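The structure file input_13.txt is reproduced below (compact mmCIF, C-alpha atoms and all ligand atoms).
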```txt
# COMPACT_ATOMS: atom_id res chain seq x y z
CA GLN H 166 0.00 0.00 0.00
CA VAL H 167 1.42 3.39 -0.92
CA CYS H 168 1.22 6.74 0.81
CA THR H 169 -0.05 5.51 4.15
CA GLN H 170 2.72 6.48 6.51
CA VAL H 171 5.32 9.13 7.17
CA PRO H 172 7.70 9.91 5.41
CA TYR H 173 5.61 9.40 2.29
CA ARG H 174 3.81 12.31 0.73
CA CYS H 175 1.26 11.89 -2.03
CA TYR H 176 0.78 14.40 -4.82
CA SER H 177 -2.27 12.57 -6.15
CA THR H 178 -5.25 10.85 -4.64
CA PRO H 179 -4.58 7.11 -4.42
CA GLY H 180 -6.91 5.19 -6.68
CA VAL H 181 -8.04 8.37 -8.45
CA GLY H 182 -5.05 10.00 -10.14
CA GLN H 183 -3.88 8.59 -13.45
CA VAL H 184 -0.38 9.65 -12.45
CA GLN H 185 0.38 8.66 -8.86
CA VAL H 186 3.26 10.35 -7.11
CA ASP H 187 4.69 9.04 -3.84
CA MET H 188 7.41 11.23 -2.41
CA ASN H 189 9.68 9.76 0.24
CA SER H 190 11.11 12.81 1.94
CA GLU H 191 13.59 10.75 3.95
CA THR H 192 15.38 9.43 0.86
CA GLY H 193 14.47 12.30 -1.48
CA VAL H 194 13.20 9.75 -4.02
CA ALA H 195 9.79 10.11 -5.67
CA THR H 196 8.02 7.25 -7.40
CA VAL H 197 5.75 8.27 -10.26
CA ARG H 198 3.38 5.53 -11.43
CA LEU H 199 1.27 5.71 -14.57
CA ASN H 200 -2.17 4.43 -13.69
CA ARG H 201 -4.46 4.30 -16.68
CA PRO H 202 -5.65 0.71 -17.17
CA PRO H 203 -5.73 -1.31 -19.27
CA VAL H 204 -2.47 -0.25 -20.97
CA ASN H 205 -1.44 3.21 -19.69
CA SER H 206 -2.02 4.77 -23.09
CA LEU H 207 -1.08 8.43 -22.92
CA ASN H 208 -4.04 10.70 -23.61
CA LEU H 209 -4.32 14.47 -23.11
CA ASP H 210 -5.29 14.12 -19.43
CA VAL H 211 -2.48 11.73 -18.49
CA LEU H 212 0.14 13.79 -20.30
CA THR H 213 -1.09 16.96 -18.63
CA GLU H 214 -1.01 15.26 -15.20
CA LEU H 215 2.45 13.88 -15.90
CA GLY H 216 3.78 17.27 -16.99
CA ILE H 217 2.42 18.92 -13.83
CA ALA H 218 3.79 16.15 -11.58
CA LEU H 219 7.26 16.51 -13.12
CA GLU H 220 7.17 20.27 -12.73
CA LYS H 221 6.21 19.97 -9.04
CA LEU H 222 8.94 17.43 -8.34
CA ASP H 223 11.54 19.58 -10.07
CA ALA H 224 10.51 22.52 -7.86
CA ASP H 225 10.58 20.42 -4.67
CA ARG H 226 14.05 21.01 -3.20
CA THR H 227 13.73 17.90 -0.99
CA CYS H 228 13.43 15.72 -4.09
CA ARG H 229 16.65 14.40 -5.67
CA ALA H 230 15.45 11.49 -7.78
CA MET H 231 12.44 10.04 -9.50
CA VAL H 232 11.51 6.51 -10.48
CA LEU H 233 9.08 6.27 -13.39
CA ALA H 234 6.98 3.11 -13.19
CA SER H 235 3.53 1.70 -13.78
CA ALA H 236 0.66 0.84 -11.47
CA VAL H 237 -0.75 -1.49 -14.16
CA PRO H 238 0.73 -5.02 -14.13
CA GLY H 239 2.32 -6.18 -17.38
CA ILE H 240 2.48 -2.72 -18.94
CA PHE H 241 4.90 0.19 -18.67
CA SER H 242 2.99 2.26 -21.23
CA ALA H 243 1.40 1.41 -24.60
CA GLY H 244 2.51 4.83 -25.84
CA LEU H 245 0.30 7.58 -27.12
CA ASP H 246 -3.41 6.95 -27.00
CA ILE H 247 -4.17 6.11 -30.61
CA LEU H 248 -7.72 7.35 -30.13
CA GLU H 249 -6.30 10.87 -29.61
CA MET H 250 -4.93 10.65 -33.15
CA TYR H 251 -7.82 8.88 -34.87
CA GLN H 252 -10.81 10.92 -36.08
CA SER H 253 -9.86 13.79 -33.80
CA THR H 254 -10.07 17.54 -34.49
CA PRO H 255 -7.05 19.72 -35.40
CA GLU H 256 -7.59 21.75 -32.20
CA ARG H 257 -7.58 18.66 -29.98
CA CYS H 258 -4.53 17.28 -31.84
CA VAL H 259 -2.58 20.49 -31.18
CA ALA H 260 -3.56 20.50 -27.48
CA PHE H 261 -2.62 16.81 -27.18
CA TRP H 262 0.74 17.37 -28.83
CA ARG H 263 1.55 20.38 -26.65
CA ALA H 264 0.87 18.28 -23.56
CA LEU H 265 3.23 15.59 -24.86
CA GLN H 266 5.92 18.16 -25.67
CA ASP H 267 5.67 19.68 -22.17
CA ALA H 268 5.73 16.33 -20.37
CA TRP H 269 8.75 15.26 -22.42
CA LEU H 270 10.62 18.56 -21.92
CA GLY H 271 9.98 18.17 -18.17
CA LEU H 272 11.27 14.60 -18.12
CA TYR H 273 14.27 14.84 -20.45
CA GLY H 274 15.24 18.20 -18.96
CA SER H 275 14.65 17.21 -15.34
CA ARG H 276 17.35 18.14 -12.81
CA LEU H 277 16.49 14.93 -10.90
CA VAL H 278 18.12 11.55 -11.29
CA THR H 279 15.45 9.75 -13.33
CA MET H 280 15.14 5.98 -13.60
CA ALA H 281 12.64 3.89 -15.54
CA ALA H 282 11.40 0.69 -13.91
CA ILE H 283 10.09 -1.13 -16.97
CA GLU H 284 7.90 -3.92 -15.63
CA GLY H 285 5.91 -4.50 -18.81
CA HIS H 286 5.50 -3.67 -22.51
CA SER H 287 6.85 -0.31 -23.60
CA PRO H 288 6.13 0.53 -27.25
CA ALA H 289 6.45 3.94 -28.95
CA GLY H 290 5.64 6.78 -26.52
CA GLY H 291 6.30 4.32 -23.67
CA CYS H 292 9.77 3.73 -25.06
CA LEU H 293 10.27 7.51 -25.40
CA LEU H 294 9.47 8.00 -21.70
CA ALA H 295 11.85 5.21 -20.70
CA MET H 296 14.65 6.48 -22.98
CA SER H 297 14.24 9.97 -21.54
CA CYS H 298 15.26 8.75 -18.09
CA ASP H 299 18.90 8.55 -16.99
CA TYR H 300 18.80 4.78 -16.44
CA ARG H 301 16.54 1.89 -17.43
CA VAL H 302 15.93 -1.44 -15.72
CA MET H 303 13.65 -3.85 -17.61
CA ALA H 304 11.95 -7.08 -16.61
CA ASP H 305 13.15 -10.19 -18.44
CA GLY H 306 10.62 -12.33 -20.28
CA LYS H 307 7.85 -11.64 -22.75
CA PHE H 308 7.81 -7.83 -22.64
CA GLN H 309 8.88 -5.70 -25.59
CA ILE H 310 10.21 -2.18 -26.04
CA GLY H 311 10.88 0.00 -29.09
CA LEU H 312 9.72 2.82 -31.33
CA ASN H 313 7.25 0.99 -33.60
CA GLU H 314 5.69 4.06 -35.25
CA THR H 315 6.33 3.04 -38.87
CA ARG H 316 4.28 -0.12 -38.28
CA LEU H 317 1.28 2.13 -37.67
CA GLY H 318 1.98 4.10 -40.85
CA ILE H 319 3.18 7.09 -38.82
CA VAL H 320 6.64 8.54 -38.31
CA ALA H 321 8.60 9.08 -35.10
CA PRO H 322 9.05 12.87 -34.75
CA PHE H 323 12.56 14.33 -34.88
CA TRP H 324 12.82 14.60 -31.09
CA PHE H 325 11.90 10.92 -30.55
CA GLU H 326 14.64 10.18 -33.08
CA ASP H 327 17.12 12.48 -31.30
CA VAL H 328 16.54 10.75 -27.96
CA MET H 329 17.03 7.33 -29.53
CA LEU H 330 20.19 8.52 -31.30
CA ASN H 331 21.57 9.70 -27.96
CA THR H 332 20.69 6.35 -26.41
CA ILE H 333 21.75 3.69 -28.95
CA GLY H 334 23.68 5.54 -31.66
CA HIS H 335 23.10 6.21 -35.34
CA ARG H 336 23.25 2.77 -36.94
CA GLU H 337 20.96 1.04 -34.45
CA THR H 338 18.52 3.98 -34.54
CA GLU H 339 18.37 3.91 -38.33
CA LYS H 340 17.43 0.22 -38.31
CA ALA H 341 15.13 0.51 -35.31
CA LEU H 342 13.12 3.42 -36.70
CA GLN H 343 12.76 2.24 -40.28
CA LEU H 344 11.65 -1.22 -39.19
CA GLY H 345 9.56 0.03 -36.28
CA ALA H 346 11.47 -2.63 -34.36
CA MET H 347 10.24 -4.02 -31.06
CA TYR H 348 12.89 -5.66 -28.89
CA SER H 349 12.81 -8.22 -26.11
CA ALA H 350 14.53 -7.10 -22.91
CA GLN H 351 17.65 -9.11 -23.79
CA GLN H 352 17.79 -7.65 -27.30
CA ALA H 353 17.26 -4.16 -25.87
CA LEU H 354 20.14 -4.77 -23.47
CA SER H 355 22.41 -5.89 -26.30
CA ILE H 356 21.94 -2.61 -28.22
CA GLY H 357 22.03 -0.40 -25.10
CA LEU H 358 18.34 0.52 -25.19
CA VAL H 359 18.07 -0.59 -21.56
CA ASP H 360 20.85 -0.71 -18.97
CA LYS H 361 19.93 -3.78 -16.96
CA VAL H 362 17.60 -6.77 -17.32
CA VAL H 363 16.45 -8.66 -14.24
CA PRO H 364 13.51 -10.89 -13.26
CA LEU H 365 10.27 -8.96 -12.82
CA ALA H 366 10.31 -9.07 -9.01
CA GLU H 367 13.81 -7.60 -8.95
CA VAL H 368 13.17 -4.55 -11.12
CA MET H 369 12.31 -2.17 -8.27
CA PRO H 370 15.02 -3.41 -5.87
CA THR H 371 17.56 -3.10 -8.71
CA VAL H 372 16.44 0.47 -9.43
CA GLN H 373 16.72 1.33 -5.73
CA GLY H 374 20.23 -0.17 -5.61
CA GLU H 375 21.35 1.72 -8.70
CA LEU H 376 19.91 4.95 -7.32
CA LYS H 377 22.30 4.72 -4.37
CA ASN H 378 25.25 5.02 -6.81
CA TRP H 379 23.76 8.01 -8.59
CA LEU H 380 22.83 9.79 -5.36
CA GLN H 381 26.41 9.62 -4.13
CA ILE H 382 27.33 12.17 -6.80
CA PRO H 383 26.93 15.82 -5.74
CA ASP H 384 23.74 17.11 -7.40
CA ALA H 385 25.20 20.34 -8.81
CA ALA H 386 28.01 18.62 -10.72
CA ARG H 387 25.69 15.89 -12.02
CA VAL H 388 23.01 18.38 -13.12
CA ILE H 389 25.50 20.58 -15.00
CA THR H 390 26.78 17.49 -16.80
CA LYS H 391 23.28 16.23 -17.63
CA THR H 392 22.21 19.65 -18.91
CA SER H 393 25.27 19.93 -21.09
CA MET H 394 24.63 16.47 -22.60
CA ARG H 395 20.93 17.09 -23.30
CA LYS H 396 20.67 20.83 -24.03
CA GLN H 397 21.04 20.61 -27.79
CA VAL H 398 18.21 18.11 -28.18
CA LEU H 399 15.95 20.00 -25.77
CA ASP H 400 16.63 23.34 -27.50
CA ARG H 401 15.85 21.84 -30.90
CA LEU H 402 12.27 21.21 -29.81
CA ARG H 403 11.96 24.32 -27.60
CA SER H 404 12.80 26.52 -30.59
CA GLN H 405 9.97 25.10 -32.75
CA LYS H 406 7.24 23.85 -30.42
CA GLU H 407 4.34 25.50 -32.21
CA LYS H 408 5.56 24.53 -35.67
CA ASP H 409 5.99 20.94 -34.47
CA ALA H 410 2.47 20.84 -32.96
CA GLN H 411 0.95 22.22 -36.15
CA PHE H 412 2.93 19.78 -38.25
CA PHE H 413 1.66 16.90 -36.10
CA ALA H 414 -1.96 18.00 -36.50
CA ASP H 415 -1.57 18.37 -40.29
CA PHE H 416 0.24 15.04 -40.64
CA ILE H 417 -2.22 13.09 -38.51
CA GLY H 418 -5.18 14.62 -40.36
CA ARG H 419 -4.05 13.23 -43.74
CA ASP H 420 -6.46 10.67 -45.21
CA SER H 421 -3.70 8.12 -45.76
CA VAL H 422 -2.54 8.41 -42.13
CA GLN H 423 -6.10 8.11 -40.84
CA ARG H 424 -6.61 4.99 -42.96
CA SER H 425 -3.41 3.43 -41.54
CA LEU H 426 -4.44 4.25 -37.96
CA GLY H 427 -7.93 2.85 -38.54
CA ALA H 428 -6.45 -0.40 -39.86
CA TYR H 429 -4.04 -0.60 -36.92
CA ILE H 430 -6.83 -0.12 -34.37
CA ALA H 431 -8.82 -2.87 -36.12
CA SER H 432 -5.79 -5.17 -36.00
CA LEU H 433 -5.40 -4.57 -32.25
CA GLN H 434 -9.04 -5.47 -31.72
CA LYS H 435 -8.81 -8.51 -34.03
CA ARG H 436 -5.87 -9.94 -32.05
CA LYS H 437 -8.25 -10.43 -29.15
CA SER H 438 -11.01 -12.26 -31.03
C1 LIG H 501 7.67 13.46 -40.81
C2 LIG H 501 6.59 13.18 -39.85
C3 LIG H 501 6.90 13.64 -38.49
C4 LIG H 501 6.05 13.68 -37.51
C5 LIG H 501 4.71 13.13 -37.59
C6 LIG H 501 3.99 13.43 -36.46
C7 LIG H 501 3.52 12.53 -35.64
C8 LIG H 501 3.28 11.11 -35.83
C9 LIG H 501 3.93 10.28 -34.73
C10 LIG H 501 3.14 10.20 -33.48
C11 LIG H 501 3.83 9.36 -32.48
C12 LIG H 501 3.23 8.32 -31.93
C13 LIG H 501 3.87 7.51 -30.87
C14 LIG H 501 2.96 6.49 -30.25
O1 LIG H 501 3.10 6.26 -29.09
S1 LIG H 501 1.78 5.72 -31.20
C15 LIG H 501 1.14 4.41 -30.18
C16 LIG H 501 1.83 3.12 -30.47
N1 LIG H 501 1.43 2.11 -29.57
C17 LIG H 501 1.25 0.85 -29.95
O2 LIG H 501 1.41 0.50 -31.09
C18 LIG H 501 0.82 -0.12 -28.87
C19 LIG H 501 -0.35 -0.93 -29.32
N2 LIG H 501 -0.74 -1.85 -28.27
C20 LIG H 501 -0.20 -3.08 -28.12
O3 LIG H 501 0.68 -3.49 -28.82
C21 LIG H 501 -0.75 -3.89 -27.00
O4 LIG H 501 -1.95 -3.33 -26.57
C22 LIG H 501 0.21 -4.03 -25.80
C23 LIG H 501 1.39 -4.94 -26.17
C24 LIG H 501 0.72 -2.68 -25.33
C25 LIG H 501 -0.56 -4.69 -24.62
O5 LIG H 501 -1.13 -5.89 -25.04
P1 LIG H 501 -2.33 -6.55 -24.18
O6 LIG H 501 -2.63 -7.86 -24.84
O7 LIG H 501 -1.96 -6.54 -22.76
O8 LIG H 501 -3.54 -5.53 -24.31
P2 LIG H 501 -4.53 -5.36 -25.54
O9 LIG H 501 -5.63 -6.35 -25.40
O10 LIG H 501 -3.79 -5.33 -26.82
O11 LIG H 501 -5.08 -3.88 -25.30
C26 LIG H 501 -6.09 -3.59 -24.33
C27 LIG H 501 -6.96 -2.48 -24.87
O12 LIG H 501 -6.17 -1.30 -25.02
C28 LIG H 501 -6.24 -0.82 -26.36
N3 LIG H 501 -4.94 -0.19 -26.70
C29 LIG H 501 -3.74 -0.76 -26.75
N4 LIG H 501 -2.78 0.13 -27.03
C30 LIG H 501 -3.41 1.31 -27.19
C31 LIG H 501 -2.97 2.64 -27.52
N5 LIG H 501 -1.66 2.94 -27.71
N6 LIG H 501 -3.89 3.60 -27.60
C32 LIG H 501 -5.20 3.35 -27.38
N7 LIG H 501 -5.68 2.10 -27.08
C33 LIG H 501 -4.80 1.11 -26.98
C34 LIG H 501 -6.51 -2.07 -27.18
O13 LIG H 501 -7.04 -1.74 -28.44
C35 LIG H 501 -7.49 -2.78 -26.27
O14 LIG H 501 -8.73 -2.09 -26.40
P3 LIG H 501 -10.12 -2.89 -26.32
O15 LIG H 501 -10.11 -3.84 -27.49
O16 LIG H 501 -10.11 -3.60 -25.00
O17 LIG H 501 -11.16 -1.85 -26.46
```
Kindly transcribe the structure held in the file into C-alpha cells.
Amino acid sequence: QVCTQVPYRCYSTPGVGQVQVDMNSETGVATVRLNRPPVNSLNLDVLTELGIALEKLDADRTCRAMVLASAVPGIFSAGLDILEMYQSTPERCVAFWRALQDAWLGLYGSRLVTMAAIEGHSPAGGCLLAMSCDYRVMADGKFQIGLNETRLGIVAPFWFEDVMLNTIGHRETEKALQLGAMYSAQQALSIGLVDKVVPLAEVMPTVQGELKNWLQIPDAARVITKTSMRKQVLDRLRSQKEKDAQFFADFIGRDSVQRSLGAYIASLQKRKS
C-alpha cells in the first residue's frame, strides 16, 4: 500500500489519479506511477497530469530522484493513445501534442536523477518515456520495447529520433526506426536501449540499488553534466514547439494516415477475437 505512513507524501489521490506520485522525503526519491488501465495509453489528461507532476517534483528542493513506473501489471505504457490521433479535431490534436511536448521537456530536462522501472510492454511513446530517463531497468521475459511508429503508418518525430540517437547511436537507430522494431529485454540490453535486465520481481530493488550510486554524486556537478549532454536536443524542440504541434496536427489529419491508424486499431481489436 502506498502513501499511508510518514515519510511518504502523495501528490495525487490514491486510486483516483492517473499519475500517482509518492514522495519519500527521507530518501528524497519520488516514485511516479502511470495508472491508466488497461495499458497506460497516454491521452491528453495523463500527459497533462504527468507534466504537472514533473514540474512539481523539479521545484521540490527535498526531491533528488524520480523513479518512473507503472501501477498497471504487465504494462509500462502502450505509448500515445491512438484514439487521440484517430478521427480527432485539429484543435484537440494540437492541445494533445503540446501536452506531450511539455511532459517530455519536463522529463528529459529534469534536474532529478530519473530511472525507468520497466515492468511491462513499452512501445512507442512508452519507449520515449523510458529512454528519456537517466537509467533503465527492464523485466526479463515476454515484454517488448521499441519505437514501432512506422508499423502504424506514422513517423517518429525528430525529437523521438534524437533521444534514440543519444541512447543507442546512429546505426541502431536507423534500423530501429525504419523497421519500427520491437525488442525483447535481452535484445534491448544488447543494443544499449536498456541498462539492466532482471527478473520482474527484482526490477524495483535493482532500481533502488542503482539509485544509491547516482545519489552519491553531488547534485550540482551531475546536473550541469546532464544539462550539457541534453541541451542541444531539448533546444531543438523548444525553438519550434508551435511549428511541431501544427505539423503533427496536419500530418495526422491526412487521409492516408487516418486509414493506416484505422487499420491498426482494427488489427489490435482482431488480435483479441
Ligand atoms: C515526418 C513526420 C513527423 C512527424 C509526424 C507526427 C507525428 C506522428 C507520430 C506520433 C507518435 C506516436 C507515438 C505512439 O506512441 S503511437 C502508439 C503506439 N502504440 C502501440 O502500437 C501499442 C499498441 N498496443 C499493443 O501493442 C498492446 O496493446 C500491448 C502490447 C501494449 C498490450 O497488449 P495486451 O494484450 O496486454 O492488451 P490489448 O488487449 O492489446 O489492449 C487492451 C486495450 O487497449 C487498447 N490499446 C492498446 N494500445 C493502445 C494505444 N496505444 N492507444 C489506445 N488504445 C490502446 C486495445 O485496443 C485494447 O482495447 P479494447 O479492445 O479492449 O477496447
List as a ChimeraX atom specification the protein and nucleic acid residues lying within 7 Å of ligand LIG 501 (chain H), with only C-alpha atoms and all ligand atoms counted. /H:203-204,206,239-240,242-248,286-291,313-314,317,319-323,412-413,416-417,430,433-434,437
Near-range 393-405 of chain H list (8 Å; all atoms listed in the file; drop same-chain fewer than 3 positions) as an mmCIF file with C-alpha atoms, in the coordinates of the input:
```
data_model
loop_
_atom_site.group_PDB
_atom_site.id
_atom_site.type_symbol
_atom_site.label_atom_id
_atom_site.label_comp_id
_atom_site.auth_asym_id
_atom_site.auth_seq_id
_atom_site.Cartn_x
_atom_site.Cartn_y
_atom_site.Cartn_z
ATOM 1 C CA LEU H 270 10.620 18.560 -21.920
ATOM 2 C CA TYR H 273 14.270 14.840 -20.450
ATOM 3 C CA GLY H 274 15.240 18.200 -18.960
ATOM 4 C CA TRP H 324 12.820 14.600 -31.090
ATOM 5 C CA ASP H 327 17.120 12.480 -31.300
ATOM 6 C CA VAL H 328 16.540 10.750 -27.960
ATOM 7 C CA ILE H 389 25.500 20.580 -15.000
ATOM 8 C CA THR H 390 26.780 17.490 -16.800
ATOM 9 C CA LYS H 408 5.560 24.530 -35.670
ATOM 10 C CA ASP H 409 5.990 20.940 -34.470
#
```
Closest of H:Ala431, H:Thr279, H:Ala341, H:Lys406 to Asp299 in chain H - atom-to-atom distances counting all atoms listed in the file: H:Thr279
Could you tell me how far CA of Leu426 in chain H sits from CA of Val184 in chain H, in Å to one decimal place?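 Separation between CA of Val184 in chain H and CA of Leu426 in chain H: 26.4 Å.
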Emit as AutoDock Vina command-line options the padded axis-aligned box for all listed atoms of range 400-404 of chain H, 5 Å per side, with centre and edge lengths in Å to one decimal.
```
--center_x 14.3 --center_y 23.9 --center_z -29.2 --size_x 14.7 --size_y 15.3 --size_z 13.4
```
Expected answer as a PDB file with C-alpha atoms, in the coordinates of the input: all residues with atoms within 7 Å of (11.7, -3.4, -13.9), all atoms listed in the file:
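What landed in part10.pdb:
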```pdb
ATOM      1  CA  ALA H 282      11.400   0.690 -13.910  1.00  0.00           C
ATOM      2  CA  ILE H 283      10.090  -1.130 -16.970  1.00  0.00           C
ATOM      3  CA  GLU H 284       7.900  -3.920 -15.630  1.00  0.00           C
ATOM      4  CA  VAL H 302      15.930  -1.440 -15.720  1.00  0.00           C
ATOM      5  CA  MET H 303      13.650  -3.850 -17.610  1.00  0.00           C
ATOM      6  CA  ALA H 304      11.950  -7.080 -16.610  1.00  0.00           C
ATOM      7  CA  LEU H 365      10.270  -8.960 -12.820  1.00  0.00           C
ATOM      8  CA  GLU H 367      13.810  -7.600  -8.950  1.00  0.00           C
ATOM      9  CA  VAL H 368      13.170  -4.550 -11.120  1.00  0.00           C
ATOM     10  CA  MET H 369      12.310  -2.170  -8.270  1.00  0.00           C
TER      11      MET H 369
END
```
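With only C-alpha atoms as the atoms that count, the residue of H:Leu222, H:Val237, H:Met231, H:Gly318 with the shortest distance to Ser421 in chain H is H:Gly318.
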Taking (3.7, 15.4, -19.2) in the file's coordinates, which residues come within 9 Å, counting only C-alpha atoms, written as a PyMOL selection string? chain H and resi 209+211-220+264-272
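Coordinates place CA of Asn378 in chain H at a distance of 19.4 Å from CA of Met188 in chain H.
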How many Å separate CA of Arg229 in chain H from CA of Pro202 in chain H?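 According to the coordinates, CA of Arg229 in chain H and CA of Pro202 in chain H are separated by 28.6 Å.
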